[in-house]
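Working notes for the structure below.
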Amino acid sequence: MSLAPENLPATAAPTLPACLRHWADADGDRPALTFADFATDRAGRRKTLSWKQLQERVDAVAAALPVGPGDRVAVLCPQSADYVVAFLGAITAGAIAVPLFDPGLPGHAGRLAAVLTDCSPTAVVTTSASVDAVREFLVGLPGGEDVAVVAADKPTPGPGRAWPAPAPAPDDVAYLQYTSGSTRSPAGVVLTHENVLANVSQAVHGLGIDPAGTTVSWLPLFHDMGLVLGLITPLAMGMRSVLMDPLAFIERPVRWLELLGDHNASWSAAPNFAFHYAASRVREEDRAKLRLDRVAAIVNGAEPINPGVLDRFHDTFAESGYTPDKTRPAYGLAEATVFVTTGPGVPPRVTTFDRVALGAGTARQADDGLRLVACGVPVGQHVALVDPETGVALEDGAVGEIWVHGPNVGTGYWQKPLESTETFGARLTGDHGDLPVGPWLRTGDLGVRHDGEVYIAGRIKDLLIVDGRNHYPQDVEATAASADRDIRPGSVAAFAVEGTDTEAAVVVAEHRGHSALTTEDERALAVSIRRLVSDAHGLALRDVVLVPAGLVPRTSSGKIARSACRDRYLAGDYGKALVR
């Protein structure tokens, strides 16, 4: 199931610097990038760069970088126009960009140190306000004192720099996209210009993006969805990009929706939690002023999609002009650049599957069971549902591991040959029809193709296997969260631990009013959670642990880190639980 690459829309040029050069030459005075700065102005002061201004700033950074082909340049900027300039400057200098984040981002210093150690950058691009903090951070890393530091907002030409740098080829590496590490330590996905621009073409066609529109994004630019939607797609297609800081969204989610309404045919993307958050936090008087009829679409991806959350978002913003067909469920991962499957321009399709059958590996519709949202179809790439043990492609309706083959799939993990072969070099066995033998990307995700569309069931490594039955953790987590209004939605972790004879299941849930709970309250709530999970899933929980807000660990992209939560639980970090 795919579309021939020759039928996909063309990007402006075959490499990222060539795309920028094209728009600067062809339409230099048109706005390219606007950053809405809510940190210095509550109304969000707009700072706009034209294509020509963006090109000039990128060239200045590139000229200041003492790097050669293949060197890594880490981008350690806060979310801003400077981030875009730094990322493109690194690539224009002939280096490999590594999109990361400012060392001041709370809670991520350990991950930043691990990634910088892994990619060994020759230079770092930051902002003048962060130069001292970046130098101090680098001193604590192996060879960090030798790393050149350049300020994107005040670059100074480097000594003896050969400029301009040789133009990259389409198969040259453009950047390393470090995974968020929800099931393993972060690894850098190696992505070429060809990989990235192929994925842009696929997404533009699959989503029906009009290049005359505008992209609006608060997603972090160091994550795949934020980088491709907020920076690379506009660059490749000549669209205007409007950016804001993620913190500005968290402070007041209405800002995101206001920016969407400021532009005709606006596009955005967000994970499921953002739809819930916006529906919960935007006040009625603010909703009345929104112009969401101007929105072309919002992609929902990056984490499991909750049908109830979509219903609430659609109901909440209906009077603001938002209609369900504007929501585009999607599936993707960094190893495939970002987009793999996308939904058509119709209201999201929700199907109820029999839980027991699904746990046994077959998708069977039922009146009551697990409601899953269809994530569309692949475009310009192949998707196969495969038995992960045998490598045999499965028939429609069978649950299997999602495998991907296409020009958007990265070339491997940075300096990890064994992991690269295992993940990126899979081959089909047995009868596979018109599908290529390989190489295939093994996603580690479970899914099923039903009535032509792909549904995501969960991650193989997160699957709860208790008494020989499979249970999907996000399904158990949603049931547990329904037990009490003060259990924070999206802040519940379900995982398996070793029991005496078989694996057993544990739930750790954040509770908003935890400090006010008595022992009796906590026991009663745990009993309620156990009963709900038992009734819905036939699953007896070994343990229920209620914790204050913020204690269920997440990845840097906001996903529940179930393996990390399990490690904390086993290490006794949650103390002696009141409930057993």
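Just so we're on the same page: first chain in the structure tokens is A, next is B, and so on; residues restart at 1 for each chain, and ligands are numbered from 1 in the order they show up.
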
Test item: residues at most 7 Å from Thr341 in chain A, only C-alpha atoms, excluding those fewer than 4 positions along its chain, as number ranges by chain: A: 330-332, 375-379

Which parts of range 79-183 of chain A does DSSP call helix (DSSP H, G or I) when run on the backbone here, written out as a PDB file with N, CA and C atoms, in the first residue's frame?
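So the final result, stored in part.pdb, reads:
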```pdb
ATOM      1  N   ALA A  81      13.720  32.154  16.412  1.00  0.00           N
ATOM      2  CA  ALA A  81      14.230  32.253  15.045  1.00  0.00           C
ATOM      3  C   ALA A  81      15.710  31.892  15.016  1.00  0.00           C
ATOM      4  N   ASP A  82      16.436  32.162  16.109  1.00  0.00           N
ATOM      5  CA  ASP A  82      17.848  31.817  16.182  1.00  0.00           C
ATOM      6  C   ASP A  82      18.059  30.313  16.015  1.00  0.00           C
ATOM      7  N   TYR A  83      17.112  29.517  16.506  1.00  0.00           N
ATOM      8  CA  TYR A  83      17.231  28.055  16.375  1.00  0.00           C
ATOM      9  C   TYR A  83      17.222  27.661  14.894  1.00  0.00           C
ATOM     10  N   VAL A  84      16.298  28.229  14.141  1.00  0.00           N
ATOM     11  CA  VAL A  84      16.195  27.935  12.710  1.00  0.00           C
ATOM     12  C   VAL A  84      17.482  28.345  11.997  1.00  0.00           C
ATOM     13  N   VAL A  85      17.981  29.540  12.326  1.00  0.00           N
ATOM     14  CA  VAL A  85      19.214  30.043  11.723  1.00  0.00           C
ATOM     15  C   VAL A  85      20.389  29.121  12.062  1.00  0.00           C
ATOM     16  N   ALA A  86      20.473  28.689  13.313  1.00  0.00           N
ATOM     17  CA  ALA A  86      21.576  27.827  13.752  1.00  0.00           C
ATOM     18  C   ALA A  86      21.548  26.473  13.043  1.00  0.00           C
ATOM     19  N   PHE A  87      20.370  25.866  12.959  1.00  0.00           N
ATOM     20  CA  PHE A  87      20.227  24.547  12.332  1.00  0.00           C
ATOM     21  C   PHE A  87      20.626  24.611  10.863  1.00  0.00           C
ATOM     22  N   LEU A  88      20.066  25.582  10.150  1.00  0.00           N
ATOM     23  CA  LEU A  88      20.377  25.696   8.722  1.00  0.00           C
ATOM     24  C   LEU A  88      21.809  26.172   8.498  1.00  0.00           C
ATOM     25  N   GLY A  89      22.338  26.982   9.419  1.00  0.00           N
ATOM     26  CA  GLY A  89      23.729  27.423   9.311  1.00  0.00           C
ATOM     27  C   GLY A  89      24.696  26.268   9.409  1.00  0.00           C
ATOM     28  N   ALA A  90      24.422  25.337  10.316  1.00  0.00           N
ATOM     29  CA  ALA A  90      25.286  24.163  10.477  1.00  0.00           C
ATOM     30  C   ALA A  90      25.327  23.339   9.198  1.00  0.00           C
ATOM     31  N   ILE A  91      24.156  23.131   8.592  1.00  0.00           N
ATOM     32  CA  ILE A  91      24.089  22.310   7.382  1.00  0.00           C
ATOM     33  C   ILE A  91      24.710  23.049   6.199  1.00  0.00           C
ATOM     34  N   THR A  92      24.472  24.361   6.115  1.00  0.00           N
ATOM     35  CA  THR A  92      25.039  25.160   5.029  1.00  0.00           C
ATOM     36  C   THR A  92      26.565  25.200   5.110  1.00  0.00           C
ATOM     37  N   ALA A 109      19.410  17.812  31.583  1.00  0.00           N
ATOM     38  CA  ALA A 109      20.871  17.956  31.520  1.00  0.00           C
ATOM     39  C   ALA A 109      21.545  16.616  31.267  1.00  0.00           C
ATOM     40  N   GLY A 110      21.058  15.563  31.900  1.00  0.00           N
ATOM     41  CA  GLY A 110      21.664  14.237  31.732  1.00  0.00           C
ATOM     42  C   GLY A 110      21.552  13.749  30.302  1.00  0.00           C
ATOM     43  N   ARG A 111      20.382  13.945  29.706  1.00  0.00           N
ATOM     44  CA  ARG A 111      20.191  13.518  28.315  1.00  0.00           C
ATOM     45  C   ARG A 111      21.070  14.333  27.383  1.00  0.00           C
ATOM     46  N   LEU A 112      21.171  15.648  27.629  1.00  0.00           N
ATOM     47  CA  LEU A 112      21.999  16.495  26.784  1.00  0.00           C
ATOM     48  C   LEU A 112      23.452  16.062  26.835  1.00  0.00           C
ATOM     49  N   ALA A 113      23.933  15.772  28.037  1.00  0.00           N
ATOM     50  CA  ALA A 113      25.324  15.326  28.183  1.00  0.00           C
ATOM     51  C   ALA A 113      25.550  14.006  27.453  1.00  0.00           C
ATOM     52  N   ALA A 114      24.594  13.089  27.555  1.00  0.00           N
ATOM     53  CA  ALA A 114      24.735  11.784  26.898  1.00  0.00           C
ATOM     54  C   ALA A 114      24.767  11.936  25.379  1.00  0.00           C
ATOM     55  N   VAL A 115      23.910  12.790  24.835  1.00  0.00           N
ATOM     56  CA  VAL A 115      23.857  12.971  23.386  1.00  0.00           C
ATOM     57  C   VAL A 115      25.124  13.658  22.876  1.00  0.00           C
ATOM     58  N   LEU A 116      25.587  14.696  23.573  1.00  0.00           N
ATOM     59  CA  LEU A 116      26.801  15.389  23.147  1.00  0.00           C
ATOM     60  C   LEU A 116      28.012  14.465  23.197  1.00  0.00           C
ATOM     61  N   THR A 117      28.060  13.608  24.193  1.00  0.00           N
ATOM     62  CA  THR A 117      29.156  12.631  24.282  1.00  0.00           C
ATOM     63  C   THR A 117      29.085  11.647  23.118  1.00  0.00           C
ATOM     64  N   ASP A 118      27.858  11.271  22.737  1.00  0.00           N
ATOM     65  CA  ASP A 118      27.669  10.300  21.665  1.00  0.00           C
ATOM     66  C   ASP A 118      28.047  10.873  20.302  1.00  0.00           C
ATOM     67  N   CYS A 119      27.678  12.139  20.040  1.00  0.00           N
ATOM     68  CA  CYS A 119      27.894  12.678  18.686  1.00  0.00           C
ATOM     69  C   CYS A 119      29.208  13.450  18.554  1.00  0.00           C
ATOM     70  N   SER A 128      23.823  34.403  22.110  1.00  0.00           N
ATOM     71  CA  SER A 128      24.793  35.157  22.906  1.00  0.00           C
ATOM     72  C   SER A 128      24.440  35.132  24.390  1.00  0.00           C
ATOM     73  N   ALA A 129      23.132  35.080  24.698  1.00  0.00           N
ATOM     74  CA  ALA A 129      22.715  35.043  26.101  1.00  0.00           C
ATOM     75  C   ALA A 129      23.082  33.727  26.785  1.00  0.00           C
ATOM     76  N   SER A 130      23.281  32.678  25.998  1.00  0.00           N
ATOM     77  CA  SER A 130      23.549  31.353  26.576  1.00  0.00           C
ATOM     78  C   SER A 130      24.988  30.888  26.407  1.00  0.00           C
ATOM     79  N   VAL A 131      25.851  31.704  25.782  1.00  0.00           N
ATOM     80  CA  VAL A 131      27.223  31.268  25.487  1.00  0.00           C
ATOM     81  C   VAL A 131      27.957  30.818  26.750  1.00  0.00           C
ATOM     82  N   ASP A 132      27.895  31.614  27.807  1.00  0.00           N
ATOM     83  CA  ASP A 132      28.636  31.267  29.028  1.00  0.00           C
ATOM     84  C   ASP A 132      28.121  29.970  29.639  1.00  0.00           C
ATOM     85  N   ALA A 133      26.807  29.800  29.686  1.00  0.00           N
ATOM     86  CA  ALA A 133      26.227  28.579  30.253  1.00  0.00           C
ATOM     87  C   ALA A 133      26.593  27.360  29.414  1.00  0.00           C
ATOM     88  N   VAL A 134      26.643  27.539  28.093  1.00  0.00           N
ATOM     89  CA  VAL A 134      27.016  26.430  27.209  1.00  0.00           C
ATOM     90  C   VAL A 134      28.479  26.058  27.408  1.00  0.00           C
ATOM     91  N   ARG A 135      29.356  27.053  27.476  1.00  0.00           N
ATOM     92  CA  ARG A 135      30.784  26.753  27.702  1.00  0.00           C
ATOM     93  C   ARG A 135      30.974  26.015  29.029  1.00  0.00           C
ATOM     94  N   GLU A 136      30.266  26.463  30.051  1.00  0.00           N
ATOM     95  CA  GLU A 136      30.371  25.816  31.365  1.00  0.00           C
ATOM     96  C   GLU A 136      29.892  24.367  31.292  1.00  0.00           C
ATOM     97  N   PHE A 137      28.812  24.138  30.545  1.00  0.00           N
ATOM     98  CA  PHE A 137      28.277  22.781  30.404  1.00  0.00           C
ATOM     99  C   PHE A 137      29.266  21.895  29.657  1.00  0.00           C
ATOM    100  N   LEU A 138      29.883  22.435  28.604  1.00  0.00           N
ATOM    101  CA  LEU A 138      30.796  21.653  27.775  1.00  0.00           C
ATOM    102  C   LEU A 138      32.050  21.242  28.539  1.00  0.00           C
ATOM    103  N   VAL A 139      32.495  22.075  29.468  1.00  0.00           N
ATOM    104  CA  VAL A 139      33.728  21.774  30.219  1.00  0.00           C
ATOM    105  C   VAL A 139      33.610  20.445  30.969  1.00  0.00           C
ATOM    106  N   GLY A 144      35.187  18.579  25.820  1.00  0.00           N
ATOM    107  CA  GLY A 144      34.269  19.701  25.696  1.00  0.00           C
ATOM    108  C   GLY A 144      34.943  21.049  25.603  1.00  0.00           C
ATOM    109  N   GLU A 145      36.133  21.171  26.220  1.00  0.00           N
ATOM    110  CA  GLU A 145      36.822  22.467  26.195  1.00  0.00           C
ATOM    111  C   GLU A 145      37.338  22.822  24.803  1.00  0.00           C
ATOM    112  N   ASP A 146      37.418  21.818  23.906  1.00  0.00           N
ATOM    113  CA  ASP A 146      37.916  22.066  22.546  1.00  0.00           C
ATOM    114  C   ASP A 146      36.796  22.382  21.552  1.00  0.00           C
TER     115      ASP A 146
END
```

For CA of Val373 in chain A and CA of Phe317 in chain A, determine how far apart the two atoms are, in Å to one decimal place.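 CA of Phe317 in chain A lies at a distance of 19.8 Å from CA of Val373 in chain A.
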
Range 395-404 of chain A surroundings by only C-alpha atoms, 10 Å radius, close-in-sequence under 5 positions cut, as a JSON list (two decimals) with N, CA and C atoms, in the first residue's frame:
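As a result, part35.json now contains:
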```json
[["chain", "number", "residue", "atom", "x", "y", "z"],
["A", 332, "GLY", "N", 4.02, 7.81, 13.01],
["A", 332, "GLY", "CA", 5.37, 7.97, 12.49],
["A", 332, "GLY", "C", 6.40, 7.78, 13.58],
["A", 335, "GLU", "N", 12.95, 7.28, 13.12],
["A", 335, "GLU", "CA", 13.72, 6.43, 12.23],
["A", 335, "GLU", "C", 13.23, 6.50, 10.78],
["A", 336, "ALA", "N", 11.99, 6.95, 10.59],
["A", 336, "ALA", "CA", 11.44, 7.13, 9.23],
["A", 336, "ALA", "C", 11.32, 8.63, 8.92],
["A", 340, "VAL", "N", 4.75, 8.36, 8.64],
["A", 340, "VAL", "CA", 4.63, 7.05, 7.99],
["A", 340, "VAL", "C", 3.23, 6.88, 7.42],
["A", 357, "ALA", "N", -9.74, -10.85, 21.65],
["A", 357, "ALA", "CA", -9.27, -11.23, 20.31],
["A", 357, "ALA", "C", -8.01, -10.43, 19.95],
["A", 358, "LEU", "N", -8.03, -9.13, 20.26],
["A", 358, "LEU", "CA", -6.87, -8.31, 19.93],
["A", 358, "LEU", "C", -5.65, -8.77, 20.70],
["A", 359, "GLY", "N", -5.84, -9.11, 21.97],
["A", 359, "GLY", "CA", -4.73, -9.63, 22.77],
["A", 359, "GLY", "C", -4.19, -10.94, 22.22],
["A", 360, "ALA", "N", -5.06, -11.69, 21.55],
["A", 360, "ALA", "CA", -4.65, -12.96, 20.95],
["A", 360, "ALA", "C", -4.09, -12.77, 19.53],
["A", 361, "GLY", "N", -4.11, -11.51, 19.04],
["A", 361, "GLY", "CA", -3.47, -11.25, 17.75],
["A", 361, "GLY", "C", -4.40, -11.06, 16.58],
["A", 362, "THR", "N", -5.71, -10.92, 16.83],
["A", 362, "THR", "CA", -6.66, -10.75, 15.73],
["A", 362, "THR", "C", -7.56, -9.55, 15.99],
["A", 363, "ALA", "N", -7.75, -8.72, 14.98],
["A", 363, "ALA", "CA", -8.63, -7.56, 15.11],
["A", 363, "ALA", "C", -10.05, -7.96, 14.71],
["A", 364, "ARG", "N", -10.93, -7.94, 15.70],
["A", 364, "ARG", "CA", -12.32, -8.30, 15.44],
["A", 364, "ARG", "C", -13.21, -7.20, 16.00],
["A", 378, "PRO", "N", -0.03, 4.65, 4.31],
["A", 378, "PRO", "CA", 1.27, 5.19, 3.90],
["A", 378, "PRO", "C", 1.18, 5.84, 2.53],
["A", 381, "GLN", "N", 5.65, 5.08, 0.46],
["A", 381, "GLN", "CA", 6.46, 4.11, 1.22],
["A", 381, "GLN", "C", 5.60, 2.88, 1.47],
["A", 382, "HIS", "N", 6.23, 1.80, 1.84],
["A", 382, "HIS", "CA", 5.52, 0.55, 2.14],
["A", 382, "HIS", "C", 5.41, 0.38, 3.65],
["A", 383, "VAL", "N", 4.27, -0.14, 4.08],
["A", 383, "VAL", "CA", 4.08, -0.54, 5.47],
["A", 383, "VAL", "C", 3.59, -1.98, 5.47],
["A", 384, "ALA", "N", 4.27, -2.83, 6.23],
["A", 384, "ALA", "CA", 3.85, -4.23, 6.36],
["A", 384, "ALA", "C", 3.63, -4.54, 7.83],
["A", 385, "LEU", "N", 2.64, -5.38, 8.11],
["A", 385, "LEU", "CA", 2.43, -5.91, 9.45],
["A", 385, "LEU", "C", 3.04, -7.30, 9.47],
["A", 386, "VAL", "N", 4.01, -7.49, 10.37],
["A", 386, "VAL", "CA", 4.89, -8.66, 10.28],
["A", 386, "VAL", "C", 4.95, -9.39, 11.62],
["A", 387, "ASP", "N", 5.01, -10.72, 11.54],
["A", 387, "ASP", "CA", 5.28, -11.52, 12.74],
["A", 387, "ASP", "C", 6.72, -11.24, 13.15],
["A", 388, "PRO", "N", 6.95, -10.61, 14.31],
["A", 388, "PRO", "CA", 8.32, -10.21, 14.67],
["A", 388, "PRO", "C", 9.26, -11.37, 14.91],
["A", 389, "GLU", "N", 8.72, -12.55, 15.16],
["A", 389, "GLU", "CA", 9.57, -13.72, 15.41],
["A", 389, "GLU", "C", 10.02, -14.39, 14.12],
["A", 409, "VAL", "N", 13.24, 6.46, 5.10],
["A", 409, "VAL", "CA", 13.82, 5.72, 6.23],
["A", 409, "VAL", "C", 15.30, 6.07, 6.36],
["A", 423, "THR", "N", 17.68, -2.92, 13.56],
["A", 423, "THR", "CA", 16.50, -2.08, 13.41],
["A", 423, "THR", "C", 16.21, -1.73, 11.96],
["A", 424, "PHE", "N", 17.25, -1.43, 11.17],
["A", 424, "PHE", "CA", 17.06, -0.92, 9.81],
["A", 424, "PHE", "C", 17.28, -1.97, 8.72],
["A", 426, "ALA", "N", 16.00, -5.30, 8.51],
["A", 426, "ALA", "CA", 15.15, -6.48, 8.56],
["A", 426, "ALA", "C", 14.77, -6.94, 7.15],
["A", 427, "ARG", "N", 14.50, -8.24, 7.02],
["A", 427, "ARG", "CA", 14.12, -8.81, 5.73],
["A", 427, "ARG", "C", 12.91, -9.73, 5.92],
["A", 428, "LEU", "N", 12.00, -9.65, 4.96],
["A", 428, "LEU", "CA", 10.82, -10.50, 5.01],
["A", 428, "LEU", "C", 11.17, -11.93, 4.60],
["A", 438, "GLY", "N", 13.63, -6.44, 1.36],
["A", 438, "GLY", "CA", 14.27, -5.60, 2.37],
["A", 438, "GLY", "C", 15.06, -4.50, 1.70],
["A", 439, "PRO", "N", 15.73, -3.68, 2.49],
["A", 439, "PRO", "CA", 15.72, -3.68, 3.96],
["A", 439, "PRO", "C", 14.48, -2.99, 4.51],
["A", 440, "TRP", "N", 14.03, -3.48, 5.66],
["A", 440, "TRP", "CA", 12.86, -2.92, 6.33],
["A", 440, "TRP", "C", 13.27, -2.34, 7.68],
["A", 441, "LEU", "N", 12.58, -1.28, 8.05],
["A", 441, "LEU", "CA", 12.73, -0.69, 9.38],
["A", 441, "LEU", "C", 11.76, -1.39, 10.33],
["A", 442, "ARG", "N", 12.33, -1.97, 11.39],
["A", 442, "ARG", "CA", 11.48, -2.56, 12.44],
["A", 442, "ARG", "C", 11.15, -1.46, 13.44],
["A", 443, "THR", "N", 9.89, -1.13, 13.58],
["A", 443, "THR", "CA", 9.52, 0.01, 14.43],
["A", 443, "THR", "C", 9.41, -0.34, 15.91],
["A", 444, "GLY", "N", 9.20, -1.61, 16.22],
["A", 444, "GLY", "CA", 8.95, -1.97, 17.61],
["A", 444, "GLY", "C", 7.52, -1.69, 18.04],
["A", 445, "ASP", "N", 6.70, -1.21, 17.11],
["A", 445, "ASP", "CA", 5.30, -0.90, 17.41],
["A", 445, "ASP", "C", 4.39, -2.01, 16.87],
["A", 446, "LEU", "N", 3.34, -2.28, 17.62],
["A", 446, "LEU", "CA", 2.35, -3.26, 17.20],
["A", 446, "LEU", "C", 1.18, -2.54, 16.53],
["A", 447, "GLY", "N", 0.69, -3.12, 15.47],
["A", 447, "GLY", "CA", -0.44, -2.51, 14.78],
["A", 447, "GLY", "C", -1.22, -3.55, 14.01],
["A", 448, "VAL", "N", -2.27, -3.07, 13.36],
["A", 448, "VAL", "CA", -3.10, -3.95, 12.55],
["A", 448, "VAL", "C", -3.66, -3.12, 11.40],
["A", 449, "ARG", "N", -3.81, -3.76, 10.24],
["A", 449, "ARG", "CA", -4.47, -3.09, 9.12],
["A", 449, "ARG", "C", -5.91, -3.61, 9.05],
["A", 450, "HIS", "N", -6.85, -2.68, 9.17],
["A", 450, "HIS", "CA", -8.27, -3.04, 9.19],
["A", 450, "HIS", "C", -9.01, -2.13, 8.25],
["A", 451, "ASP", "N", -9.73, -2.71, 7.29],
["A", 451, "ASP", "CA", -10.46, -1.93, 6.27],
["A", 451, "ASP", "C", -9.54, -0.91, 5.60],
["A", 452, "GLY", "N", -8.31, -1.33, 5.33],
["A", 452, "GLY", "CA", -7.38, -0.51, 4.57],
["A", 452, "GLY", "C", -6.54, 0.46, 5.36],
["A", 453, "GLU", "N", -6.91, 0.76, 6.62],
["A", 453, "GLU", "CA", -6.15, 1.73, 7.42],
["A", 453, "GLU", "C", -5.37, 1.04, 8.53],
["A", 454, "VAL", "N", -4.31, 1.71, 8.96],
["A", 454, "VAL", "CA", -3.45, 1.17, 10.00],
["A", 454, "VAL", "C", -3.91, 1.69, 11.37],
["A", 455, "TYR", "N", -4.01, 0.78, 12.33],
["A", 455, "TYR", "CA", -4.31, 1.12, 13.72],
["A", 455, "TYR", "C", -3.11, 0.74, 14.57],
["A", 456, "ILE", "N", -2.78, 1.58, 15.54],
["A", 456, "ILE", "CA", -1.63, 1.33, 16.40],
["A", 456, "ILE", "C", -2.11, 0.71, 17.70],
["A", 457, "ALA", "N", -1.51, -0.41, 18.08],
["A", 457, "ALA", "CA", -1.94, -1.11, 19.29],
["A", 457, "ALA", "C", -1.00, -0.87, 20.47],
["A", 458, "GLY", "N", 0.25, -0.53, 20.23],
["A", 458, "GLY", "CA", 1.18, -0.30, 21.34],
["A", 458, "GLY", "C", 2.59, -0.70, 20.96],
["A", 459, "ARG", "N", 3.49, -0.63, 21.95],
["A", 459, "ARG", "CA", 4.88, -1.03, 21.71],
["A", 459, "ARG", "C", 5.10, -2.45, 22.19],
["A", 460, "ILE", "N", 5.88, -3.23, 21.40],
["A", 460, "ILE", "CA", 6.16, -4.61, 21.75],
["A", 460, "ILE", "C", 6.77, -4.69, 23.14]]
```

Can you tell me, as a PyMOL selection string, what residues are no more than 12 Å from Thr156 in chain A when counting only C-alpha atoms, ignoring any on the same chain fewer than 4 positions away? chain A and resi 57+59-66+125+128+148-152+161

Pick from A:Thr34, A:Val282, A:Leu290, A:Ser491 nearest to Tyr322 in chain A, counting only C-alpha atoms: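 Ranked by minimum distance to Tyr322 in chain A, first place goes to A:Leu290.
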
CA of Gly558 in chain A to CA of Ile232 in chain A, distance in Å rounded to a single decimal: 22.0 Å

Can you list, as a CSV table (one decimal) with N, CA, C and O atoms, in the first residue's frame, every protein, DNA or RNA residue that comes within 12 Å of Trp414 in chain A when you count only C-alpha atoms, leaving out same-chain residues fewer than 5 positions away?
```csv
chain,number,residue,atom,x,y,z
A,70,GLY,N,31.1,16.4,7.3
A,70,GLY,CA,31.0,15.3,8.3
A,70,GLY,C,31.2,15.7,9.7
A,70,GLY,O,30.8,14.9,10.6
A,72,ARG,N,30.1,17.3,13.3
A,72,ARG,CA,28.8,17.5,13.9
A,72,ARG,C,28.8,18.9,14.5
A,72,ARG,O,29.8,19.3,15.1
A,96,ILE,N,27.1,18.2,9.8
A,96,ILE,CA,25.9,17.5,10.2
A,96,ILE,C,25.3,18.2,11.4
A,96,ILE,O,26.0,18.3,12.4
A,98,VAL,N,23.0,18.7,14.6
A,98,VAL,CA,22.4,17.8,15.7
A,98,VAL,C,21.4,18.7,16.5
A,98,VAL,O,21.8,19.5,17.4
A,115,VAL,N,23.9,12.8,24.8
A,115,VAL,CA,23.9,13.0,23.4
A,115,VAL,C,25.1,13.7,22.9
A,115,VAL,O,25.7,13.3,21.8
A,117,THR,N,28.1,13.6,24.2
A,117,THR,CA,29.2,12.6,24.3
A,117,THR,C,29.1,11.6,23.1
A,117,THR,O,30.1,11.2,22.5
A,118,ASP,N,27.9,11.3,22.7
A,118,ASP,CA,27.7,10.3,21.7
A,118,ASP,C,28.0,10.9,20.3
A,118,ASP,O,28.7,10.2,19.5
A,119,CYS,N,27.7,12.1,20.0
A,119,CYS,CA,27.9,12.7,18.7
A,119,CYS,C,29.2,13.5,18.6
A,119,CYS,O,29.6,13.8,17.4
A,120,SER,N,29.9,13.8,19.7
A,120,SER,CA,31.2,14.5,19.7
A,120,SER,C,31.2,15.6,18.7
A,120,SER,O,31.9,15.6,17.7
A,173,VAL,N,24.6,13.3,4.7
A,173,VAL,CA,23.9,13.4,5.9
A,173,VAL,C,23.5,14.8,6.2
A,173,VAL,O,24.4,15.7,6.3
A,175,TYR,N,21.3,15.7,9.1
A,175,TYR,CA,21.3,15.9,10.6
A,175,TYR,C,21.1,14.5,11.3
A,175,TYR,O,20.8,13.5,10.6
A,176,LEU,N,21.4,14.5,12.6
A,176,LEU,CA,21.1,13.4,13.4
A,176,LEU,C,19.9,13.7,14.3
A,176,LEU,O,19.9,14.7,15.0
A,177,GLN,N,18.9,12.9,14.2
A,177,GLN,CA,17.7,13.1,15.0
A,177,GLN,C,17.8,12.1,16.2
A,177,GLN,O,17.6,10.9,16.0
A,178,TYR,N,18.0,12.6,17.4
A,178,TYR,CA,18.1,11.7,18.5
A,178,TYR,C,16.7,11.4,19.0
A,178,TYR,O,15.8,12.2,19.2
A,179,THR,N,16.5,10.1,19.2
A,179,THR,CA,15.2,9.6,19.7
A,179,THR,C,15.0,10.0,21.1
A,179,THR,O,16.0,10.3,21.8
A,186,PRO,N,19.0,7.2,24.3
A,186,PRO,CA,18.8,8.0,23.1
A,186,PRO,C,19.9,7.5,22.0
A,186,PRO,O,21.0,7.2,22.4
A,187,ALA,N,19.4,7.4,20.8
A,187,ALA,CA,20.3,7.1,19.7
A,187,ALA,C,20.1,8.0,18.5
A,187,ALA,O,18.9,8.5,18.3
A,188,GLY,N,21.1,8.4,17.8
A,188,GLY,CA,21.0,9.4,16.8
A,188,GLY,C,20.7,8.8,15.4
A,188,GLY,O,21.5,8.0,14.9
A,189,VAL,N,19.5,9.0,14.9
A,189,VAL,CA,19.1,8.5,13.6
A,189,VAL,C,19.8,9.3,12.5
A,189,VAL,O,19.7,10.6,12.6
A,190,VAL,N,20.4,8.7,11.6
A,190,VAL,CA,21.2,9.4,10.6
A,190,VAL,C,20.3,9.6,9.4
A,190,VAL,O,19.8,8.7,8.8
A,191,LEU,N,20.0,10.9,9.1
A,191,LEU,CA,19.1,11.3,8.0
A,191,LEU,C,19.8,12.1,7.0
A,191,LEU,O,20.4,13.1,7.3
A,335,GLU,N,12.9,7.3,13.1
A,335,GLU,CA,13.7,6.4,12.2
A,335,GLU,C,13.2,6.5,10.8
A,335,GLU,O,14.0,6.1,9.9
A,419,GLU,N,23.0,-2.2,16.4
A,419,GLU,CA,21.7,-1.8,16.5
A,419,GLU,C,21.1,-1.3,15.2
A,419,GLU,O,19.9,-1.5,14.9
A,420,SER,N,21.9,-0.7,14.3
A,420,SER,CA,21.4,-0.3,13.0
A,420,SER,C,21.0,-1.5,12.2
A,420,SER,O,19.9,-1.4,11.5
A,421,THR,N,21.8,-2.5,12.2
A,421,THR,CA,21.5,-3.7,11.4
A,421,THR,C,20.2,-4.3,11.9
A,421,THR,O,19.3,-4.7,11.1
```

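Between CA of Ala561 in chain A and CA of Asp543 in chain A there is a distance of 18.1 Å.
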
Which one is closest to Asp210 in chain A: A:Pro9, A:Gly308, A:Gly575, A:Pro14? Count only C-alpha atoms.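 Among the listed residues, the smallest separation from Asp210 in chain A belongs to A:Pro9.
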
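The neighbours of range 16-21 of chain A here are the residues that come within 9 Å of it, using only C-alpha atoms and leaving out any residue fewer than 4 positions away in the same chain; they are Thr11, Ala12, Asp25, Ala26, Trp51, Lys52, Leu54, Gln55, Leu88, Gly89, Ile91, Thr92, Ala167, Pro168, Pro170, Ala174, His193, Val196, Leu197, Ile232, Leu235, Ala236, Met237 and Gly238 of chain A.
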